[in-house]
$ cat final33.cif   # mmCIF, C-alpha atoms
data_my_file
#
loop_
_atom_site.label_atom_id
_atom_site.label_comp_id
_atom_site.auth_asym_id
_atom_site.auth_seq_id
_atom_site.Cartn_x
_atom_site.Cartn_y
_atom_site.Cartn_z
CA MET X 1 93.19 107.92 100.48
CA LEU X 2 93.31 111.23 102.34
CA ILE X 3 92.33 109.50 105.56
CA THR X 4 95.02 106.89 105.03
CA LEU X 5 97.64 109.56 104.34
CA THR X 6 96.65 111.40 107.50
CA LEU X 7 96.91 108.13 109.44
CA LEU X 8 100.33 107.46 107.91
CA VAL X 9 101.61 110.89 108.92
CA GLY X 10 100.23 110.43 112.44
CA VAL X 11 101.68 106.95 112.93
CA SER X 12 105.05 108.02 111.49
CA ALA X 13 105.16 110.99 113.84
CA LEU X 14 104.40 108.65 116.73
CA ALA X 15 107.18 106.28 115.63
CA TYR X 16 109.57 109.23 115.44
CA VAL X 17 108.61 110.52 118.87
CA GLN X 18 108.95 107.06 120.42
CA GLN X 19 112.12 105.83 118.73
CA GLY X 20 113.57 108.66 116.65
CA THR X 21 114.99 108.09 113.18
CA ASP X 22 115.55 104.41 113.97
CA GLY X 23 111.79 103.98 114.38
CA LEU X 24 111.11 105.53 110.98
CA LEU X 25 113.77 103.42 109.27
CA GLN X 26 112.44 100.28 110.94
CA GLY X 27 108.94 101.15 109.69
CA VAL X 28 110.14 101.61 106.10
CA ASP X 29 112.08 98.36 106.34
CA ASN X 30 108.95 96.54 107.57
CA ALA X 31 106.96 98.05 104.69
CA TRP X 32 109.57 96.94 102.17
CA HIS X 33 109.37 93.35 103.43
CA LEU X 34 105.58 93.50 103.17
CA VAL X 35 105.90 94.66 99.55
CA LEU X 36 108.40 91.91 98.69
CA GLY X 37 106.16 89.25 100.20
CA ALA X 38 102.98 90.48 98.54
CA VAL X 39 104.01 91.52 95.02
CA PRO X 40 103.89 88.10 93.30
CA PHE X 41 100.45 87.32 94.74
CA LEU X 42 99.13 90.79 94.07
CA SER X 43 100.22 90.95 90.45
CA MET X 44 98.90 87.48 89.66
CA GLY X 45 95.72 88.15 91.61
CA MET X 46 94.99 91.31 89.67
CA LEU X 47 95.65 89.57 86.36
CA LEU X 48 93.22 86.84 87.40
CA ALA X 49 90.61 89.34 88.62
CA GLY X 50 90.66 91.13 85.27
CA MET X 51 90.20 87.91 83.33
CA LEU X 52 87.33 86.81 85.59
CA THR X 53 85.34 89.92 84.65
CA VAL X 54 85.42 88.59 81.09
CA LEU X 55 84.16 85.18 82.17
CA PHE X 56 81.57 86.45 84.66
CA PRO X 57 80.25 89.78 83.37
CA PRO X 58 77.89 91.61 85.76
CA ALA X 59 74.98 91.12 83.34
CA MET X 60 75.38 87.36 83.64
CA VAL X 61 75.42 87.54 87.43
CA GLY X 62 72.20 89.55 87.25
CA ARG X 63 70.51 87.01 85.01
CA TRP X 64 71.34 84.07 87.27
CA MET X 65 70.01 85.70 90.36
CA GLY X 66 67.29 87.89 88.94
CA ASP X 67 65.11 85.11 87.59
CA ASP X 68 64.87 82.47 90.30
CA ALA X 69 64.84 83.49 93.93
CA GLY X 70 64.54 79.92 95.22
CA MET X 71 67.17 77.87 97.01
CA VAL X 72 68.98 77.24 93.72
CA GLY X 73 69.09 80.96 93.01
CA LEU X 74 70.40 81.59 96.51
CA ALA X 75 73.09 78.92 96.14
CA VAL X 76 74.11 80.31 92.75
CA GLY X 77 74.17 83.81 94.20
CA MET X 78 76.45 82.76 97.04
CA VAL X 79 78.88 80.91 94.80
CA VAL X 80 78.94 83.78 92.31
CA GLY X 81 79.41 86.15 95.23
CA MET X 82 82.45 84.21 96.38
CA LEU X 83 83.97 84.08 92.89
CA SER X 84 83.12 87.49 91.53
CA PRO X 85 85.99 89.95 91.61
CA GLY X 86 85.88 93.73 91.82
CA GLY X 87 85.71 96.16 94.70
CA PRO X 88 82.70 98.07 96.02
CA TYR X 89 82.73 100.01 92.75
CA VAL X 90 81.48 96.84 91.07
CA VAL X 91 79.57 95.11 93.84
CA TYR X 92 77.05 97.78 94.78
CA PRO X 93 76.10 98.74 91.22
CA VAL X 94 75.59 95.02 90.53
CA ALA X 95 73.53 94.63 93.71
CA ALA X 96 71.41 97.62 92.74
CA SER X 97 70.87 96.19 89.27
CA LEU X 98 69.78 92.91 90.83
CA LEU X 99 67.23 94.77 92.95
CA ALA X 100 66.03 96.76 89.96
CA SER X 101 65.59 93.64 87.85
CA GLY X 102 63.37 92.16 90.56
CA ALA X 103 65.72 90.02 92.60
CA GLY X 104 64.42 89.21 96.07
CA VAL X 105 65.97 90.66 99.21
CA ALA X 106 66.85 87.10 100.34
CA PRO X 107 69.16 86.05 97.48
CA LEU X 108 70.57 89.57 97.37
CA SER X 109 71.49 89.38 101.06
CA GLY X 110 73.07 85.97 100.54
CA PHE X 111 75.01 87.33 97.59
CA LEU X 112 76.28 90.37 99.52
CA ALA X 113 77.21 88.33 102.58
CA ALA X 114 79.16 85.81 100.51
CA ARG X 115 80.71 88.54 98.41
CA ASN X 116 81.91 90.49 101.43
CA LEU X 117 82.85 87.68 103.75
CA ILE X 118 84.30 84.79 101.73
CA THR X 119 85.33 86.29 98.43
CA ALA X 120 87.91 84.07 96.69
CA ASN X 121 89.71 86.99 95.10
CA ARG X 122 90.48 88.85 98.31
CA THR X 123 91.34 85.61 100.10
CA PHE X 124 94.04 84.61 97.63
CA VAL X 125 95.43 88.06 96.90
CA TRP X 126 95.40 89.58 100.37
CA GLU X 127 94.44 87.37 103.27
CA ILE X 128 96.67 84.36 102.68
CA PRO X 129 99.83 86.41 101.98
CA PHE X 130 99.36 88.58 105.07
CA LEU X 131 97.59 86.31 107.57
CA GLY X 132 98.64 82.82 106.47
CA VAL X 133 96.64 79.75 105.52
CA PRO X 134 95.67 78.44 109.01
CA LEU X 135 93.97 81.62 110.24
CA THR X 136 92.35 82.29 106.86
CA LEU X 137 91.00 78.75 106.63
CA ALA X 138 89.66 78.78 110.20
CA ARG X 139 87.97 82.14 109.61
CA ILE X 140 86.32 80.96 106.39
CA ILE X 141 85.02 77.75 107.98
CA ALA X 142 83.63 79.83 110.85
CA SER X 143 81.91 82.12 108.32
CA LEU X 144 80.24 79.60 106.02
CA TRP X 145 76.90 79.64 107.83
CA PHE X 146 76.39 83.38 107.61
CA PRO X 147 75.27 83.93 103.99
CA ILE X 148 72.39 81.48 104.56
CA VAL X 149 71.41 83.07 107.87
CA ALA X 150 71.62 86.51 106.25
CA ALA X 151 69.35 85.36 103.43
CA VAL X 152 66.78 84.29 106.04
CA LEU X 153 67.09 87.10 108.60
CA VAL X 154 67.73 90.24 106.52
CA PRO X 155 64.37 90.02 104.70
CA LEU X 156 62.62 89.59 108.07
CA VAL X 157 64.26 92.71 109.51
CA PHE X 158 63.75 94.54 106.22
CA ARG X 159 60.00 93.96 106.40
CA MET X 160 59.96 95.65 109.83
CA MET X 161 61.28 98.88 108.30
CA PRO X 162 58.82 101.71 107.61
CA GLU X 163 57.02 101.15 104.33
CA ARG X 164 58.10 104.41 102.73
CA SER X 165 61.79 103.67 103.18
CA ARG X 166 61.29 100.22 101.68
CA ASP X 167 59.80 101.71 98.53
CA LEU X 168 62.78 104.01 98.32
CA THR X 169 65.12 101.05 98.23
CA ARG X 170 63.66 99.85 94.96
CA LEU X 171 63.48 103.37 93.64
CA THR X 172 67.14 104.14 94.28
CA GLY X 173 68.17 100.78 92.90
CA GLY X 174 66.12 101.31 89.78
CA SER X 175 67.21 104.85 89.12
CA VAL X 176 70.87 103.93 89.20
CA ILE X 177 70.50 101.32 86.54
CA THR X 178 68.03 102.87 84.15
CA GLY X 179 69.71 106.24 84.42
CA ARG X 180 66.40 107.79 85.38
CA LYS X 181 66.68 111.01 87.30
CA ARG X 182 66.75 110.14 90.97
CA GLU X 183 63.42 110.81 92.63
CA GLY X 184 62.69 111.68 96.22
CA GLY X 185 65.35 112.37 98.83
CA SER X 186 67.33 110.13 101.05
CA MET Q 1 104.58 79.40 96.89
CA THR Q 2 101.67 77.00 96.55
CA THR Q 3 99.30 79.95 96.56
CA PHE Q 4 101.25 81.58 93.75
CA LEU Q 5 101.11 78.39 91.67
CA VAL Q 6 97.37 78.03 92.27
CA LEU Q 7 96.84 81.66 91.25
CA THR Q 8 98.96 81.21 88.15
CA ALA Q 9 97.04 78.07 87.17
CA LEU Q 10 93.71 79.86 87.67
CA PHE Q 11 94.92 82.80 85.60
CA VAL Q 12 96.10 80.53 82.76
CA GLY Q 13 92.78 78.67 82.86
CA ALA Q 14 90.70 81.85 82.86
CA THR Q 15 92.77 83.31 80.03
CA THR Q 16 92.34 80.16 77.98
CA ILE Q 17 88.57 80.20 78.40
CA SER Q 18 88.43 83.93 77.66
CA TYR Q 19 90.41 83.33 74.48
CA ARG Q 20 88.14 80.47 73.39
CA GLN Q 21 85.03 82.54 74.01
CA HIS Q 22 86.07 85.98 72.79
CA ARG Q 23 89.45 85.48 71.09
CA VAL Q 24 92.02 88.26 71.48
CA ALA Q 25 89.37 90.85 72.37
CA GLY Q 26 88.44 88.89 75.51
CA VAL Q 27 92.03 88.56 76.68
CA ARG Q 28 92.67 92.22 75.94
CA GLN Q 29 89.59 93.28 77.89
CA GLY Q 30 90.65 91.19 80.88
CA LEU Q 31 94.17 92.61 80.87
CA GLY Q 32 92.71 96.11 80.51
CA VAL Q 33 90.65 95.62 83.67
CA SER Q 34 93.75 94.33 85.49
CA TRP Q 35 95.78 97.36 84.37
CA ARG Q 36 93.13 99.84 85.49
CA MET Q 37 92.88 98.00 88.78
CA PHE Q 38 96.65 98.24 89.21
CA GLN Q 39 96.62 101.98 88.52
CA VAL Q 40 93.99 102.52 91.20
CA VAL Q 41 95.46 100.13 93.72
CA ALA Q 42 99.20 100.84 93.42
CA PRO Q 43 99.36 104.30 95.05
CA ASN Q 44 96.89 103.26 97.75
CA MET Q 45 98.87 100.13 98.32
CA ALA Q 46 102.18 101.95 98.71
CA ILE Q 47 100.65 104.11 101.42
CA GLY Q 48 98.95 101.10 102.99
CA MET Q 49 102.17 99.11 103.22
CA LEU Q 50 104.02 102.09 104.71
CA LEU Q 51 101.23 102.51 107.22
CA ALA Q 52 101.38 98.83 108.15
CA GLY Q 53 105.17 98.96 108.45
CA MET Q 54 105.05 102.02 110.71
CA ALA Q 55 102.21 100.48 112.71
CA GLN Q 56 104.43 97.49 113.50
CA VAL Q 57 106.91 99.89 115.07
CA VAL Q 58 104.31 101.79 117.06
CA LEU Q 59 101.73 99.14 118.00
CA PRO Q 60 102.07 98.33 121.67
CA ALA Q 61 102.72 94.60 121.59
CA GLU Q 62 101.89 94.08 125.25
CA LEU Q 63 98.56 95.87 125.05
CA ILE Q 64 97.55 93.99 121.91
CA SER Q 65 98.42 90.57 123.25
CA ARG Q 66 96.69 91.38 126.52
CA TRP Q 67 93.47 92.76 124.99
CA MET Q 68 93.32 90.83 121.74
CA GLY Q 69 95.51 87.77 122.39
CA ASN Q 70 94.46 84.14 122.63
CA GLU Q 71 93.48 84.47 126.28
CA SER Q 72 91.33 87.57 125.70
CA GLY Q 73 88.31 85.56 124.45
CA LEU Q 74 85.14 87.59 124.08
CA THR Q 75 86.87 90.89 124.92
CA GLY Q 76 89.34 90.47 122.05
CA VAL Q 77 86.54 89.50 119.69
CA LEU Q 78 84.51 92.57 120.67
CA ILE Q 79 87.51 94.88 120.24
CA GLY Q 80 88.20 93.30 116.84
CA THR Q 81 84.59 93.85 115.79
CA VAL Q 82 84.57 97.52 116.78
CA VAL Q 83 87.98 98.32 115.28
CA GLY Q 84 87.09 96.42 112.08
CA SER Q 85 83.91 98.45 111.61
CA VAL Q 86 85.66 101.76 112.15
CA VAL Q 87 88.92 101.35 110.24
CA PRO Q 88 88.66 102.85 106.73
CA GLY Q 89 90.18 101.66 103.47
CA GLY Q 90 90.29 98.80 100.98
CA PRO Q 91 92.18 95.53 101.32
CA TYR Q 92 95.43 97.13 100.17
CA VAL Q 93 95.44 99.24 103.33
CA VAL Q 94 93.55 97.18 105.86
CA VAL Q 95 94.82 93.63 105.34
CA PRO Q 96 98.51 94.57 105.80
CA LEU Q 97 97.43 96.46 108.91
CA ILE Q 98 95.50 93.43 110.21
CA GLY Q 99 98.64 91.39 109.51
CA SER Q 100 100.65 93.75 111.73
CA VAL Q 101 98.13 93.44 114.54
CA TYR Q 102 98.15 89.64 114.17
CA HIS Q 103 101.93 89.37 114.23
CA THR Q 104 102.08 91.69 117.24
CA GLY Q 105 100.21 89.10 119.29
CA ALA Q 106 96.49 89.20 118.59
CA GLY Q 107 94.64 85.86 118.59
CA PRO Q 108 92.74 84.16 115.75
CA GLY Q 109 89.34 85.02 117.24
CA ALA Q 110 90.01 88.75 117.46
CA ILE Q 111 91.53 88.82 113.96
CA ALA Q 112 88.61 86.87 112.45
CA ALA Q 113 86.17 89.29 114.08
CA PHE Q 114 88.23 92.19 112.74
CA VAL Q 115 88.17 90.79 109.18
CA SER Q 116 84.45 89.99 109.41
CA ALA Q 117 83.41 93.40 110.72
CA TRP Q 118 85.61 95.16 108.19
CA SER Q 119 84.01 93.02 105.46
CA LEU Q 120 80.39 93.11 106.59
CA SER Q 121 79.78 96.39 108.36
CA PRO Q 122 82.48 98.94 107.54
CA ILE Q 123 81.24 102.44 108.28
CA THR Q 124 82.97 104.21 105.38
CA ARG Q 125 81.94 101.77 102.65
CA THR Q 126 78.40 101.67 103.98
CA VAL Q 127 78.09 105.43 103.79
CA MET Q 128 79.92 105.80 100.49
CA PHE Q 129 78.46 102.93 98.48
CA GLU Q 130 75.75 100.90 100.10
CA ILE Q 131 73.28 103.59 101.15
CA PRO Q 132 73.49 105.42 97.78
CA PHE Q 133 72.92 102.23 95.80
CA LEU Q 134 70.66 100.13 98.00
CA GLY Q 135 68.88 102.66 100.20
CA GLY Q 136 68.72 103.09 103.94
CA ALA Q 137 66.16 100.42 104.83
CA LEU Q 138 67.92 97.48 103.22
CA THR Q 139 71.30 98.71 104.47
CA ALA Q 140 69.97 99.04 108.02
CA ALA Q 141 68.42 95.57 107.89
CA ARG Q 142 71.69 94.11 106.66
CA LEU Q 143 73.74 95.85 109.35
CA ILE Q 144 71.40 94.76 112.16
CA VAL Q 145 71.88 91.14 111.10
CA SER Q 146 75.60 91.41 110.24
CA THR Q 147 77.12 93.06 113.30
CA PRO Q 148 76.32 90.23 115.75
CA ALA Q 149 77.54 87.80 113.07
CA SER Q 150 81.07 89.24 113.25
CA ILE Q 151 81.14 88.50 116.97
CA ALA Q 152 79.82 84.97 116.40
CA ILE Q 153 82.37 84.32 113.64
CA GLY Q 154 85.19 85.54 115.88
CA LEU Q 155 84.08 83.26 118.71
CA LEU Q 156 83.66 80.29 116.35
CA THR Q 157 87.10 80.77 114.80
CA ILE Q 158 88.87 80.17 118.13
CA PRO Q 159 87.83 76.50 118.58
CA ILE Q 160 88.08 75.79 114.84
CA TYR Q 161 91.63 77.15 114.75
CA ASP Q 162 92.56 75.16 117.85
CA LEU Q 163 91.01 72.01 116.44
CA LEU Q 164 92.80 72.23 113.08
CA PHE Q 165 96.11 73.85 113.94
CA GLY Q 166 96.31 74.09 117.74
#

$ encode --input "final33.cif" --output "structure tokens"
Amino acid sequence: MLITLTLLVGVSALAYVQQGTDGLLQGVDNAWHLVLGAVPFLSMGMLLAGMLTVLFPPAMVGRWMGDDAGMVGLAVGMVVGMLSPGGPYVVYPVAASLLASGAGVAPLSGFLAARNLITANRTFVWEIPFLGVPLTLARIIASLWFPIVAAVLVPLVFRMMPERSRDLTRLTGGSVITGRKREGGS
Amino acid sequence: MTTFLVLTALFVGATTISYRQHRVAGVRQGLGVSWRMFQVVAPNMAIGMLLAGMAQVVLPAELISRWMGNESGLTGVLIGTVVGSVVPGGPYVVVPLIGSVYHTGAGPGAIAAFVSAWSLSPITRTVMFEIPFLGGALTAARLIVSTPASIAIGLLTIPIYDLLFG
């Protein structure tokens, strides 16, 4: 938020230097049109996101992906990743809990890739209102392959990492969930 | 408009199922999450929209269409990837900003690379969330695989966009 505020001040100053008060007014006017265009989608999107947390609680996500790490588990993980709402505040704790409950690196990578790249929530609430359907659709089609490739390649690269750091991954993941005191350093 | 109707239908459906499963408590919990989300997002969003509005005034249209426009090809995609990784903030800040860049003349490939890099390998979110929760090794492995993917997705989006809407 602080970074964004600083950016805003900087960009506004630039607008003022370039075009004076007219530049500032034009900027505010642009912002107002953005708000008007986005508000209906945003409000409905947030209402939907809240309700989805009732239907797909994090514990359920963990159960689906924790138990079977096969192709079915991967497919479920990707679909859940696309549908599950919530920002990084939700995603990374969930991902850590998946690791702690013994999920493989492969389905976890597929889940994260799908969650970050093709999440339904962000697409409807943000992307379509601001970028339009054609670009959003083309981008999603171009992205569909990646969760699968990530599920294959990330574990391969992960196994090349030094062994100590790999142990730490599990440790950090576990400590977050069980509330154990964090061991070791970074 | 269609999007709004689809969203409304999804919301009504989800609410109905929540009510069937958990009665009023389920609906109340869902609305509570929405309300908390709104409280967090609203101030950020106000700043984000102002930033995007000001950016439209300041962004050099010629430079953007030259470096990130349809003709820019790989260069535009690479610029999109780098900028997407570096730019901080959640969707309420970044997506309006991406919209400004798009409407100032950037091409679909550069924008798709921007969105992908911002989604897959954002520096701030990686440092703030991913490393603390998942550890350095897994994060590093994911980033090594993901960064080239943003470039590939950007390059793939160009022909797909042309094919469907060109």

$ closest_atom_pairs --input "final33.cif" --of "region 80-159 of chain Q" --to "region 146-161 of chain X" --cutoff "9 Å" --atoms "all atoms listed in the file" --output "JSON lines"
{"residue": "Q:Ala137", "atom": "CA", "partner": "X:Met161", "partner_atom": "CA", "distance": 6.2}
{"residue": "Q:Leu138", "atom": "CA", "partner": "X:Phe158", "partner_atom": "CA", "distance": 5.9}
{"residue": "Q:Thr139", "atom": "CA", "partner": "X:Phe158", "partner_atom": "CA", "distance": 8.8}
{"residue": "Q:Ala140", "atom": "CA", "partner": "X:Phe158", "partner_atom": "CA", "distance": 7.9}
{"residue": "Q:Ala141", "atom": "CA", "partner": "X:Phe158", "partner_atom": "CA", "distance": 5.1}
{"residue": "Q:Arg142", "atom": "CA", "partner": "X:Val154", "partner_atom": "CA", "distance": 5.5}
{"residue": "Q:Leu143", "atom": "CA", "partner": "X:Val154", "partner_atom": "CA", "distance": 8.7}
{"residue": "Q:Ile144", "atom": "CA", "partner": "X:Val157", "partner_atom": "CA", "distance": 7.9}
{"residue": "Q:Val145", "atom": "CA", "partner": "X:Val154", "partner_atom": "CA", "distance": 6.2}
{"residue": "Q:Ser146", "atom": "CA", "partner": "X:Ala150", "partner_atom": "CA", "distance": 7.5}
{"residue": "Q:Ala149", "atom": "CA", "partner": "X:Phe146", "partner_atom": "CA", "distance": 7.1}
{"residue": "Q:Ile153", "atom": "CA", "partner": "X:Phe146", "partner_atom": "CA", "distance": 8.5}

$ atom_distance --input "final33.cif" --atom1 "CA of Gln56 (chain Q)" --atom2 "CA of Val95 (chain Q)"
13.2 Å

$ interface_residues --input "final33.cif" --of "chain X" --to "chain Q" --cutoff "6 Å" --atoms "only C-alpha atoms" --output "list in words"
Leu8, Ala15, Gly27, Asn30, Ala31, Phe41, Met46, Leu47, Leu48, Gly50, Met51, Val54, Ala96, Asn116, Leu117, Phe130, Leu131, Ala138, Arg139, Ala142, Ser143, Val154, Val157, Phe158, Ser165, Arg166, Thr169 and Gly173 of chain X

$ write_last_selection --input "final33.cif" --atoms "C-alpha atoms" --output "PDB file, keeping the file's coordinate frame"
ATOM      1  CA  LEU X   8     100.330 107.460 107.910  1.00  0.00           C
ATOM      2  CA  ALA X  15     107.180 106.280 115.630  1.00  0.00           C
ATOM      3  CA  GLY X  27     108.940 101.150 109.690  1.00  0.00           C
ATOM      4  CA  ASN X  30     108.950  96.540 107.570  1.00  0.00           C
ATOM      5  CA  ALA X  31     106.960  98.050 104.690  1.00  0.00           C
ATOM      6  CA  PHE X  41     100.450  87.320  94.740  1.00  0.00           C
ATOM      7  CA  MET X  46      94.990  91.310  89.670  1.00  0.00           C
ATOM      8  CA  LEU X  47      95.650  89.570  86.360  1.00  0.00           C
ATOM      9  CA  LEU X  48      93.220  86.840  87.400  1.00  0.00           C
ATOM     10  CA  GLY X  50      90.660  91.130  85.270  1.00  0.00           C
ATOM     11  CA  MET X  51      90.200  87.910  83.330  1.00  0.00           C
ATOM     12  CA  VAL X  54      85.420  88.590  81.090  1.00  0.00           C
ATOM     13  CA  ALA X  96      71.410  97.620  92.740  1.00  0.00           C
ATOM     14  CA  ASN X 116      81.910  90.490 101.430  1.00  0.00           C
ATOM     15  CA  LEU X 117      82.850  87.680 103.750  1.00  0.00           C
ATOM     16  CA  PHE X 130      99.360  88.580 105.070  1.00  0.00           C
ATOM     17  CA  LEU X 131      97.590  86.310 107.570  1.00  0.00           C
ATOM     18  CA  ALA X 138      89.660  78.780 110.200  1.00  0.00           C
ATOM     19  CA  ARG X 139      87.970  82.140 109.610  1.00  0.00           C
ATOM     20  CA  ALA X 142      83.630  79.830 110.850  1.00  0.00           C
ATOM     21  CA  SER X 143      81.910  82.120 108.320  1.00  0.00           C
ATOM     22  CA  VAL X 154      67.730  90.240 106.520  1.00  0.00           C
ATOM     23  CA  VAL X 157      64.260  92.710 109.510  1.00  0.00           C
ATOM     24  CA  PHE X 158      63.750  94.540 106.220  1.00  0.00           C
ATOM     25  CA  SER X 165      61.790 103.670 103.180  1.00  0.00           C
ATOM     26  CA  ARG X 166      61.290 100.220 101.680  1.00  0.00           C
ATOM     27  CA  THR X 169      65.120 101.050  98.230  1.00  0.00           C
ATOM     28  CA  GLY X 173      68.170 100.780  92.900  1.00  0.00           C
TER      29      GLY X 173
END

$ resolve_selection --input "final33.cif" --expression "the PyMOL selection byres ((chain Q and resi 80) around 8)" --output "PDB file with C-alpha atoms, keeping the file's coordinate frame"
ATOM      1  CA  MET Q  68      93.320  90.830 121.740  1.00  0.00           C
ATOM      2  CA  GLY Q  76      89.340  90.470 122.050  1.00  0.00           C
ATOM      3  CA  VAL Q  77      86.540  89.500 119.690  1.00  0.00           C
ATOM      4  CA  LEU Q  78      84.510  92.570 120.670  1.00  0.00           C
ATOM      5  CA  ILE Q  79      87.510  94.880 120.240  1.00  0.00           C
ATOM      6  CA  THR Q  81      84.590  93.850 115.790  1.00  0.00           C
ATOM      7  CA  VAL Q  82      84.570  97.520 116.780  1.00  0.00           C
ATOM      8  CA  VAL Q  83      87.980  98.320 115.280  1.00  0.00           C
ATOM      9  CA  GLY Q  84      87.090  96.420 112.080  1.00  0.00           C
ATOM     10  CA  ALA Q 110      90.010  88.750 117.460  1.00  0.00           C
ATOM     11  CA  ILE Q 111      91.530  88.820 113.960  1.00  0.00           C
ATOM     12  CA  ALA Q 112      88.610  86.870 112.450  1.00  0.00           C
ATOM     13  CA  ALA Q 113      86.170  89.290 114.080  1.00  0.00           C
ATOM     14  CA  PHE Q 114      88.230  92.190 112.740  1.00  0.00           C
ATOM     15  CA  ALA Q 117      83.410  93.400 110.720  1.00  0.00           C
TER      16      ALA Q 117
END

$ residues_around --input "final33.cif" --residues "Ala61 (chain Q)" --least-positions-apart "3" --cutoff "7 Å" --atoms "all atoms listed in the file" --output "ChimeraX atom specification"
/Q:64-65,104-105

$ residues_around --input "final33.cif" --residues "Ala75 (chain X)" --least-positions-apart "4" --cutoff "9 Å" --atoms "only C-alpha atoms" --output "list in words"
Gly70, Met71, Val79, Val80, Pro107, Gly110, Phe111 and Ile148 of chain X

$ atom_distance --input "final33.cif" --atom1 "CA of Val125 (chain X)" --atom2 "CA of Thr4 (chain X)"
20.5 Å

$ atom_distance --input "final33.cif" --atom1 "CA of Met44 (chain X)" --atom2 "CA of Gln26 (chain X)"
28.3 Å

$ closest_residue --input "final33.cif" --among "Q:Glu62, Q:Ala42, Q:Trp67, Q:Ala106" --to "Val39 (chain X)" --atoms "all atoms listed in the file"
Q:Ala42

$ axis_aligned_box --input "final33.cif" --around "region 117-131 of chain Q" --padding-each-side "5 Å" --output "JSON"
{"center_x": 79.4, "center_y": 99.4, "center_z": 104.6, "size_x": 22.3, "size_y": 22.8, "size_z": 22.2}
